[in-house]
Amino acid sequence: MEKRNKSVVILVAEDDPDDQLLIKEAIDESKVSNQIIFVQDGVDLMDYLHHRGKFSDTLTSPRPGIILLDLNMPRKDGREALREIKADHKLRRIPVIVLTTSKAEEDILRTYEIGANSFITKPVTFEGLVEVVKILKNYWFEIVQLPR
């Protein structure tokens, strides 16, 4: 199968440094060759997407092709950031995959209602996370046609 989305940048909004490290290691283990960029919270996520402040340089802050979004972050949580992304005509086409510890039915329903493309509860083991990343890689980077 053709690897058509290798140049797609993955933007990960995750405030927990341990989870960031685990996600990075799972991505490496899964042999995802896409560029990965991490932001700390919803405020940084929106600054990145709008190229504000430390993210003003589009060469070092390229437009992401996909966003992995934690829901529970400081300053601006993932729900609020998702709502803003999907309300913005320049950003709404970027697929947003919620990757969170929440299993709450309310979170699942609410995030889909405001435009999440997928909702994934973070696995409790590293091996589980690697498996999820492999599935995401296969689906989002080898099967799906992403908008440019």
# chains A, B, ... in the order shown; residues from 1 in each chain; ligands from 1
$ select_by_dssp --residues "chain A" --states "strand (DSSP E or B)" --output "VMD selection string"
chain A and resid 10 to 13 36 to 39 66 to 69 96 to 100 118 to 121
$ residues_around --residues "region 84-98 of chain A" --least-positions-apart "4" --cutoff "9 Å" --atoms "only C-alpha atoms" --output "list in words"
Met46, Leu49, Pro64, Gly65, Ile66, Ile67, Leu68, Leu69, Asp70, Leu71, Gly78, Arg79, Glu80, Thr111, Ile114, Gly115, Ala116, Asn117, Ser118, Phe119, Ile120, Thr121, Leu146, Pro147 and Arg148 of chain A
$ closest_atom_pairs --of "region 3-104 of chain A" --to "region 130-134 of chain A" --cutoff "10 Å" --atoms "only C-alpha atoms" --output "tab-separated table"
residue	atom	partner	partner_atom	distance
A:Leu22	CA	A:Val130	CA	9.1
A:Ile23	CA	A:Val130	CA	8.2
A:Lys24	CA	A:Val130	CA	9.9
A:Glu25	CA	A:Val130	CA	8.3
A:Ala26	CA	A:Val130	CA	4.7
A:Ile27	CA	A:Val133	CA	6.3
A:Asp28	CA	A:Val130	CA	9.0
A:Glu29	CA	A:Val130	CA	6.8
A:Ser30	CA	A:Lys134	CA	5.5
A:Lys31	CA	A:Lys134	CA	8.3
A:Val32	CA	A:Lys134	CA	8.1
$ closest_residue --among "A:Pro17, A:Pro62, A:Gly53, A:Pro74" --to "Gln35 (chain A)" --atoms "only C-alpha atoms"
A:Pro62
$ atom_distance --atom1 "CA of Arg83 (chain A)" --atom2 "CA of Phe55 (chain A)"
20.6 Å
$ select_by_dssp --residues "chain A" --states "helix (DSSP H, G or I)" --output "MDAnalysis selection string"
chainID A and resid 17:29 42:49 53:55 78:87 105:113 126:143
$ residues_around --residues "Leu45 (chain A)" --least-positions-apart "5" --cutoff "8 Å" --atoms "only C-alpha atoms" --output "VMD selection string"
chain A and resid 13 39 to 40 81
$ closest_residue --among "A:Glu127, A:Asp107, A:Asp47, A:Glu142" --to "Ser7 (chain A)" --atoms "only C-alpha atoms"
A:Glu142
$ atom_distance --atom1 "CA of Asp15 (chain A)" --atom2 "CA of Ile108 (chain A)"
19.9 Å
$ closest_residue --among "A:Arg52, A:Lys76, A:Arg63, A:Lys137" --to "Val9 (chain A)" --atoms "only C-alpha atoms"
A:Arg63
$ closest_residue --among "A:Asp19, A:Glu14, A:Tyr112, A:Leu99" --to "Leu136 (chain A)" --atoms "only C-alpha atoms"
A:Leu99
